[in-house]
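What follows is the content of structure_23.csv, which has CSV, C-alpha atoms:
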chain,number,residue,atom,x,y,z
A,1,MET,CA,45.8,162.7,44.5
A,2,ILE,CA,43.3,160.0,45.3
A,3,LEU,CA,46.3,157.5,45.5
A,4,ILE,CA,47.9,159.7,48.2
A,5,ILE,CA,44.7,159.9,50.2
A,6,VAL,CA,44.2,156.1,50.0
A,7,SER,CA,47.8,155.4,51.0
A,8,MET,CA,47.5,157.8,54.0
A,9,VAL,CA,44.3,156.1,55.1
A,10,LEU,CA,46.0,152.7,54.7
A,11,GLY,CA,49.0,154.0,56.7
A,12,VAL,CA,46.8,155.2,59.6
A,13,VAL,CA,44.9,151.9,59.6
A,14,MET,CA,48.3,150.0,59.6
A,15,ILE,CA,49.6,152.0,62.6
A,16,ALA,CA,46.3,151.5,64.5
A,17,VAL,CA,46.3,147.7,63.8
A,18,SER,CA,49.9,147.3,64.8
A,19,LEU,CA,49.3,149.1,68.0
A,20,VAL,CA,46.4,146.7,68.7
A,21,ALA,CA,48.6,143.8,67.9
A,22,LEU,CA,51.2,145.1,70.5
A,23,HIS,CA,48.9,146.1,73.3
A,24,THR,CA,46.0,143.7,73.3
A,25,LYS,CA,45.8,141.1,76.1
A,26,LYS,CA,44.2,138.4,73.9
A,27,LEU,CA,46.7,136.5,71.7
A,28,GLN,CA,44.1,135.6,69.1
A,29,ALA,CA,43.3,139.3,68.6
A,30,ALA,CA,47.0,140.1,68.2
A,31,ILE,CA,47.5,137.3,65.6
A,32,LEU,CA,44.4,138.6,63.6
A,33,ALA,CA,45.6,142.2,63.9
A,34,ALA,CA,49.0,141.1,62.5
A,35,GLY,CA,47.2,139.4,59.6
A,36,VAL,CA,45.2,142.5,58.9
A,37,LEU,CA,48.4,144.5,58.9
A,38,SER,CA,49.8,142.2,56.3
A,39,LEU,CA,46.7,142.6,54.1
A,40,MET,CA,46.9,146.4,54.3
A,41,THR,CA,50.6,146.2,53.5
A,42,SER,CA,49.9,144.2,50.4
A,43,ILE,CA,47.3,146.7,49.2
A,44,LEU,CA,50.0,149.4,49.7
A,45,PHE,CA,52.5,147.4,47.7
A,46,LEU,CA,50.0,147.2,44.9
A,47,LEU,CA,49.5,151.0,45.0
A,48,LEU,CA,53.3,151.4,44.9
A,49,ALA,CA,53.4,149.4,41.6
A,50,ALA,CA,54.9,146.2,43.1
A,51,PRO,CA,52.4,143.5,42.3
A,52,ASP,CA,54.9,140.7,42.7
A,53,VAL,CA,55.6,141.8,46.3
A,54,ALA,CA,51.9,142.3,46.9
A,55,LEU,CA,51.1,138.8,45.9
A,56,THR,CA,53.8,137.4,48.2
A,57,GLU,CA,52.7,139.5,51.1
A,58,ALA,CA,49.0,138.6,50.7
A,59,ALA,CA,49.7,134.9,50.4
A,60,ILE,CA,52.4,134.5,53.0
A,61,GLY,CA,51.9,137.4,55.4
A,62,SER,CA,48.2,137.3,55.8
A,63,ALA,CA,47.2,133.7,55.1
A,64,LEU,CA,50.1,131.3,55.9
A,65,THR,CA,51.7,133.2,58.8
A,66,THR,CA,48.3,133.7,60.5
A,67,ALA,CA,47.5,130.0,60.1
A,68,ILE,CA,50.9,128.9,61.4
A,69,PHE,CA,50.6,131.3,64.4
A,70,PHE,CA,47.1,129.8,65.3
A,71,TYR,CA,48.5,126.2,65.0
A,72,VAL,CA,51.4,127.1,67.4
A,73,LEU,CA,49.1,128.9,69.8
A,74,ASN,CA,46.8,125.9,70.0
A,75,LYS,CA,49.7,123.6,70.5
A,76,ILE,CA,51.1,125.8,73.3
A,77,LYS,CA,47.7,126.0,75.0
A,78,ASN,CA,47.3,122.2,74.9
A,79,THR,CA,50.7,121.3,76.2
A,80,HIS,CA,51.0,120.5,79.9
A,81,VAL,CA,54.5,121.5,81.1
B,1,MET,CA,65.2,154.5,84.9
B,2,TYR,CA,68.5,154.1,83.1
B,3,LYS,CA,66.9,151.5,80.8
B,4,LYS,CA,64.2,154.0,79.8
B,5,LEU,CA,66.7,156.7,79.2
B,6,PHE,CA,68.7,154.3,77.0
B,7,VAL,CA,65.6,153.4,75.0
B,8,LEU,CA,64.8,157.1,74.5
B,9,LEU,CA,68.4,157.9,73.4
B,10,LEU,CA,68.3,155.0,71.0
B,11,LEU,CA,65.0,156.2,69.5
B,12,ALA,CA,66.4,159.7,69.2
B,13,VAL,CA,69.5,158.5,67.4
B,14,LEU,CA,67.3,156.4,65.0
B,15,GLY,CA,64.9,159.2,64.4
B,16,TRP,CA,67.8,161.6,63.7
B,17,SER,CA,69.5,159.2,61.3
B,18,PHE,CA,66.3,158.7,59.4
B,19,PHE,CA,65.6,162.4,59.3
B,20,THR,CA,68.9,163.1,57.8
B,21,LEU,CA,68.3,160.4,55.2
B,22,LEU,CA,65.0,162.1,54.4
B,23,GLN,CA,66.6,165.5,54.2
B,24,THR,CA,69.3,164.4,51.7
B,25,HIS,CA,66.9,162.2,49.7
B,26,GLN,CA,66.4,163.3,46.1
B,27,GLU,CA,64.7,161.3,43.4
B,28,ARG,CA,66.8,160.0,40.6
B,29,GLN,CA,65.7,161.3,37.2
B,30,SER,CA,67.5,158.6,35.2
B,31,LEU,CA,68.3,154.9,35.7
B,32,ASN,CA,71.7,153.9,36.9
B,33,PRO,CA,73.8,152.0,34.4
B,34,LEU,CA,72.9,148.5,35.7
B,35,SER,CA,69.2,149.2,35.6
B,36,LYS,CA,69.5,150.8,32.2
B,37,HIS,CA,71.2,147.6,30.9
B,38,TYR,CA,68.4,145.5,32.4
B,39,VAL,CA,65.6,147.7,30.9
B,40,GLU,CA,67.1,148.1,27.5
B,41,LYS,CA,68.8,144.7,26.8
B,42,GLY,CA,66.7,142.5,29.1
B,43,PRO,CA,63.9,141.7,26.6
B,44,ASP,CA,66.4,140.8,23.9
B,45,GLU,CA,68.7,138.8,26.2
B,46,VAL,CA,66.2,136.9,28.3
B,47,GLY,CA,62.9,137.3,26.4
B,48,ALA,CA,60.7,137.7,29.4
B,49,PRO,CA,58.1,140.5,29.3
B,50,ASN,CA,58.0,140.5,33.1
B,51,LEU,CA,61.4,142.1,33.8
B,52,VAL,CA,61.3,141.3,37.5
B,53,THR,CA,61.2,137.6,36.6
B,54,ALA,CA,64.0,138.0,34.2
B,55,ILE,CA,66.2,139.5,36.9
B,56,VAL,CA,65.1,137.1,39.7
B,57,VAL,CA,65.5,133.9,37.6
B,58,THR,CA,68.2,134.6,35.1
B,59,TYR,CA,70.4,137.6,36.0
B,60,ARG,CA,70.2,136.8,39.8
B,61,GLY,CA,69.4,133.1,39.5
B,62,PHE,CA,72.0,132.1,42.1
B,63,ASP,CA,70.3,134.3,44.7
B,64,THR,CA,67.0,132.6,44.0
B,65,LEU,CA,68.7,129.2,44.5
B,66,GLY,CA,69.8,130.5,47.9
B,67,GLU,CA,66.3,131.6,48.8
B,68,VAL,CA,64.9,128.2,47.9
B,69,THR,CA,67.6,126.6,50.0
B,70,ILE,CA,66.7,128.8,53.0
B,71,LEU,CA,63.0,127.8,52.6
B,72,PHE,CA,64.1,124.2,52.4
B,73,VAL,CA,66.2,124.4,55.5
B,74,SER,CA,63.5,126.0,57.5
B,75,ALA,CA,60.9,123.4,56.4
B,76,ALA,CA,63.3,120.7,57.3
B,77,ILE,CA,64.0,122.2,60.8
B,78,VAL,CA,60.2,122.5,61.5
B,79,GLY,CA,59.9,118.8,60.5
B,80,LEU,CA,62.9,117.9,62.7
B,81,PHE,CA,61.9,119.6,65.9
B,82,LEU,CA,58.2,118.7,66.0
B,83,LYS,CA,57.6,115.6,68.1
B,84,THR,CA,57.0,112.7,65.8
B,85,GLU,CA,55.4,110.1,68.1
B,86,ASN,CA,51.6,109.7,68.4
B,87,ARG,CA,51.2,111.4,65.1
B,88,ARG,CA,48.5,109.1,63.9
B,89,ARG,CA,46.5,109.0,67.1
B,90,LYS,CA,42.8,109.6,66.4
B,91,TYR,CA,41.1,112.2,68.5
B,92,LYS,CA,37.6,113.6,68.7
B,93,ILE,CA,37.3,116.8,66.6
B,94,ARG,CA,34.4,119.2,66.5
B,95,SER,CA,32.8,118.8,63.0
B,96,THR,CA,33.2,121.9,60.8
B,97,SER,CA,30.3,123.8,59.4
B,98,GLU,CA,28.5,123.1,56.2
B,99,ILE,CA,29.5,126.5,54.8
B,100,LEU,CA,33.2,125.7,55.2
B,101,HIS,CA,32.7,122.3,53.6
B,102,ALA,CA,30.9,123.8,50.6
B,103,ALA,CA,33.4,126.6,50.2
B,104,GLN,CA,36.3,124.2,50.4
B,105,ARG,CA,34.8,122.0,47.6
B,106,LEU,CA,34.2,125.0,45.5
B,107,LEU,CA,37.4,127.0,46.2
B,108,PHE,CA,40.1,124.2,46.4
B,109,PRO,CA,40.4,123.5,42.7
B,110,VAL,CA,40.3,127.1,41.8
B,111,MET,CA,43.0,128.0,44.3
B,112,ILE,CA,45.3,125.2,43.1
B,113,LEU,CA,44.6,126.3,39.5
B,114,PHE,CA,45.4,129.9,40.4
B,115,GLY,CA,48.7,128.9,42.0
B,116,ILE,CA,49.7,126.9,39.0
B,117,TYR,CA,48.6,129.8,36.7
B,118,ILE,CA,50.8,132.2,38.7
B,119,PHE,CA,54.0,130.1,38.4
B,120,MET,CA,53.4,129.0,34.8
B,121,ASN,CA,52.9,132.6,33.7
B,122,GLY,CA,55.7,134.0,35.9
B,123,HIS,CA,57.6,135.3,32.9
B,124,LEU,CA,54.5,137.1,31.5
B,125,THR,CA,52.5,138.4,34.4
B,126,PRO,CA,53.4,139.5,38.0
B,127,GLY,CA,54.1,136.6,40.2
B,128,GLY,CA,56.2,133.5,40.0
B,129,GLY,CA,57.3,130.4,41.7
B,130,PHE,CA,57.3,131.7,45.3
B,131,GLN,CA,53.9,133.4,45.0
B,132,GLY,CA,52.3,130.4,43.2
B,133,GLY,CA,53.7,128.0,45.8
B,134,ALA,CA,52.3,130.1,48.6
B,135,VAL,CA,48.9,130.1,47.0
B,136,ILE,CA,49.0,126.3,46.7
B,137,ALA,CA,49.9,126.0,50.4
B,138,THR,CA,47.0,128.3,51.3
B,139,ALA,CA,44.7,125.8,49.5
B,140,MET,CA,46.2,123.1,51.7
B,141,ILE,CA,45.3,125.1,54.8
B,142,LEU,CA,41.7,125.3,53.6
B,143,VAL,CA,41.6,121.5,53.2
B,144,LEU,CA,43.0,121.0,56.7
B,145,LEU,CA,40.7,123.5,58.2
B,146,THR,CA,37.7,121.6,56.8
B,147,ASN,CA,38.9,118.2,57.9
B,148,PRO,CA,42.1,118.0,60.1
B,149,GLU,CA,42.1,114.2,59.5
B,150,SER,CA,42.3,114.5,55.8
B,151,PRO,CA,44.4,111.6,54.4
B,152,ILE,CA,47.1,113.7,52.8
B,153,SER,CA,50.3,111.8,52.1
B,154,HIS,CA,53.5,113.4,53.6
B,155,ARG,CA,55.5,111.1,51.4
B,156,ALA,CA,54.0,112.5,48.2
B,157,PHE,CA,54.9,116.0,49.2
B,158,ASN,CA,58.4,115.0,50.2
B,159,LEU,CA,58.9,113.2,46.8
B,160,LEU,CA,57.5,116.2,44.9
B,161,GLU,CA,59.8,118.5,46.8
B,162,SER,CA,62.9,116.5,46.2
B,163,VAL,CA,62.2,115.8,42.6
B,164,SER,CA,61.5,119.5,41.7
B,165,GLY,CA,64.5,120.7,43.7
B,166,PHE,CA,66.7,118.2,42.0
B,167,SER,CA,65.4,119.2,38.5
B,168,TYR,CA,66.0,122.8,39.3
B,169,ILE,CA,69.7,122.1,40.0
B,170,ILE,CA,69.9,119.9,36.9
B,171,ILE,CA,68.6,122.7,34.7
B,172,GLY,CA,71.2,125.0,36.3
B,173,VAL,CA,74.0,122.6,35.5
B,174,LEU,CA,72.6,122.1,32.0
B,175,GLY,CA,73.0,125.9,31.7
B,176,VAL,CA,76.7,125.6,32.3
B,177,LEU,CA,77.1,122.8,29.8
B,178,LEU,CA,74.9,124.0,27.0
B,179,ALA,CA,74.6,127.8,27.4
B,180,GLY,CA,76.4,130.8,29.0
B,181,GLY,CA,76.5,129.7,32.7
B,182,PHE,CA,74.8,128.4,35.7
B,183,LEU,CA,70.9,128.8,35.4
B,184,ASP,CA,71.2,130.4,32.0
B,185,ASN,CA,67.8,130.3,30.3
B,186,HIS,CA,69.2,129.8,26.8
B,187,ILE,CA,69.2,126.0,27.0
B,188,LEU,CA,65.8,126.2,25.3
B,189,PRO,CA,65.0,128.5,22.3
B,190,LEU,CA,63.7,131.9,23.4
B,191,GLY,CA,60.6,131.7,21.2
B,192,LYS,CA,58.2,134.4,20.4
B,193,PHE,CA,58.3,137.3,22.8
B,194,GLY,CA,55.1,137.2,25.0
B,195,ASN,CA,54.1,133.6,24.4
B,196,LEU,CA,53.5,131.1,27.1
B,197,PHE,CA,56.3,128.9,25.8
B,198,SER,CA,59.0,131.6,25.5
B,199,ALA,CA,61.9,133.1,27.5
B,200,GLY,CA,63.9,129.8,27.3
B,201,ALA,CA,64.0,127.8,30.5
B,202,ILE,CA,62.3,130.4,32.7
B,203,PRO,CA,58.8,128.8,32.7
B,204,LEU,CA,60.4,125.4,33.4
B,205,ILE,CA,62.6,126.8,36.3
B,206,TYR,CA,59.7,128.7,37.8
B,207,SER,CA,57.4,125.7,37.6
B,208,PHE,CA,59.9,123.6,39.6
B,209,VAL,CA,60.4,126.5,42.1
B,210,GLY,CA,56.7,126.8,42.5
B,211,LEU,CA,56.2,123.1,43.0
B,212,LYS,CA,59.1,123.0,45.5
B,213,VAL,CA,57.9,126.0,47.5
B,214,GLY,CA,54.3,124.8,47.5
B,215,SER,CA,55.2,121.4,48.8
B,216,GLU,CA,57.7,122.8,51.4
B,217,LEU,CA,55.1,125.2,52.8
B,218,SER,CA,52.4,122.5,52.7
B,219,SER,CA,54.6,120.1,54.5
B,220,ILE,CA,55.2,122.7,57.3
B,221,ILE,CA,51.4,123.1,57.6
B,222,LEU,CA,50.9,119.3,57.6
B,223,ASN,CA,53.6,118.8,60.3
B,224,LEU,CA,52.0,121.5,62.5
B,225,ASN,CA,48.5,119.9,61.9
B,226,ASP,CA,49.8,116.5,62.9
B,227,VAL,CA,51.3,117.6,66.2
B,228,GLN,CA,48.0,119.2,67.3
B,229,LYS,CA,46.9,115.7,68.1
B,230,ASP,CA,49.5,115.2,70.9
B,231,ASP,CA,49.0,116.0,74.6
B,232,LYS,CA,45.3,116.0,74.6
Any chance you could give the structure as structure tokens?
Amino acid sequence: MILIIVSMVLGVVMIAVSLVALHTKKLQAAILAAGVLSLMTSILFLLLAAPDVALTEAAIGSALTTAIFFYVLNKIKNTHV
Amino acid sequence: MYKKLFVLLLLAVLGWSFFTLLQTHQERQSLNPLSKHYVEKGPDEVGAPNLVTAIVVTYRGFDTLGEVTILFVSAAIVGLFLKTENRRRKYKIRSTSEILHAAQRLLFPVMILFGIYIFMNGHLTPGGGFQGGAVIATAMILVLLTNPESPISHRAFNLLESVSGFSYIIIGVLGVLLAGGFLDNHILPLGKFGNLFSAGAIPLIYSFVGLKVGSELSSIILNLNDVQKDDK
């Protein structure tokens, strides 16, 4: 029962965060929101008894992808076309 | 107008198809024959307590080779398309905070060790080469955040990546020569079930995959860090 409640709360947070990522005007906020979405997804994977996938999602989705997006965003901002 | 109508229609069709999937869904009460074989014979045939690793590295080893190749190609393309001139130009950077410096000194060895732990114990505990490699690359991000001018050698990462990729293939071919087929883990003795040095070649294969993935992801990060210096 508690698992179902936690997963539902996680699901609501995930939907909210992805809406933020889609609709916010600030790109930095969108990138951070996508990172938070990945983190929530990894917790959900853990609850669904998939620790392997949860590890991958936490390391790649929330850490590496966020860092790479920030690098690319910085690069785009500094480039004079 | 028509575009919006089209989008709505598409959404309706998608929603309807998922709804019918949900309506006809029923949980399986028993495993299908292939899963049954994996669950029942897997521990004896492969000797890995973590069945996911047994499937990923041995039963579906060729797929894993394909995934590693995809990652290699994407890292190579990132390196190819980023501008290579002016890489070593110095530029003024804002110095980072003391907290980040202290945290980096404390966390970096732990993160590297955790990554190595994950891929060394891939056959015993959840995780494996890909996860361990990603954790190692995260540690590299921490180093570059603290000091973007860190003297990290690209050449060392490239060498590590090529050597581990090559060794992975060699082990696969050894499987053909000495055991049942490509990437078969029986080239080494299976050992005692549940020990660190057991499950044949799986710890070896996953260590090479972990080193390869870690150095590939780190080299993507290093390349992106280097091109930040251009166009200032």
Could you state the separation of atom CA of Leu100 of chain B and atom CA of Ile141 of chain B in Å, given to one decimal place? 12.1 Å
Please measure the separation of atom CA of Thr58 of chain B and atom CA of Ala76 of chain B, giving the value in Å to one decimal.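 Between these atoms lies a distance of 26.6 Å.
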Would you kindly return, as a ChimeraX atom specification, each protein, DNA or RNA residue with an atom no farther than 9 Å from any atom of Ile171 of chain B, considering all atoms listed in the file and excluding same-chain residues fewer than 2 positions away? /B:166-169,173-176,182-185,187,201,204-205
Of the candidates A:Thr56, A:Ser38, A:Gln28, A:Thr66, which one gets nearest to chain B if we count only C-alpha atoms? A:Thr56
Rank A:Leu64, A:Leu22, A:Val12, A:Leu73 by their smallest atom-to-atom distance to chain B, using only C-alpha atoms, and report the top residue only. A:Leu64
Using only C-alpha atoms, I'd like every residue of chain A that has an atom within 6 Å of chain B; please write them out as a PyMOL selection string. chain A and resi 51-52+56+59+75+79
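Residues in contact range of segment 32-48 of chain B, defined as at most 10 Å between all atoms listed in the file, with sequence neighbours fewer than 5 positions away removed, read Thr53, Ala54, Ile55, Val57, Thr58, Tyr59, Gly122, His123, Leu124, Thr125, Asp184, Asn185, His186, Pro189, Leu190, Gly191, Lys192, Phe193, Gly194, Asn195, Ser198, Ala199, Gly200, Ala201, Ile202 and Pro203 of chain B.
For the pair atom CA of Val36 of chain A and atom CA of His23 of chain A, the separation is 15.3 Å.
Of the residues under consideration (A:Met14, A:Val72, A:Ile5, A:Leu39), A:Leu39 shows the shortest atom-to-atom contact distance to Val53 of chain A when counting only C-alpha atoms.
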Top pick for closest residue to Val17 of chain A, considering A:Met40, A:Ile2, A:Ala63, A:Leu55 and counting all atoms listed in the file: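 Under the stated criterion, the closest residue is A:Met40.
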Could you pull the residues within 9 Å of Leu37 of chain A, counting all atoms listed in the file, minus those fewer than 5 positions along the same chain, as a PyMOL selection string? chain A and resi 13-15+17-18+32+42+61-62
Could you tell me which of B:Leu177, B:Ile152, B:Leu160, B:Leu14 comes closest to Gly214 of chain B if we count only C-alpha atoms? B:Leu160
So which one's closest to Leu159 of chain B, B:Gln104, B:Phe119, B:Ala139, B:Ser219? Using only C-alpha atoms, please.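 Of all the options, B:Ser219 lies closest to Leu159 of chain B.
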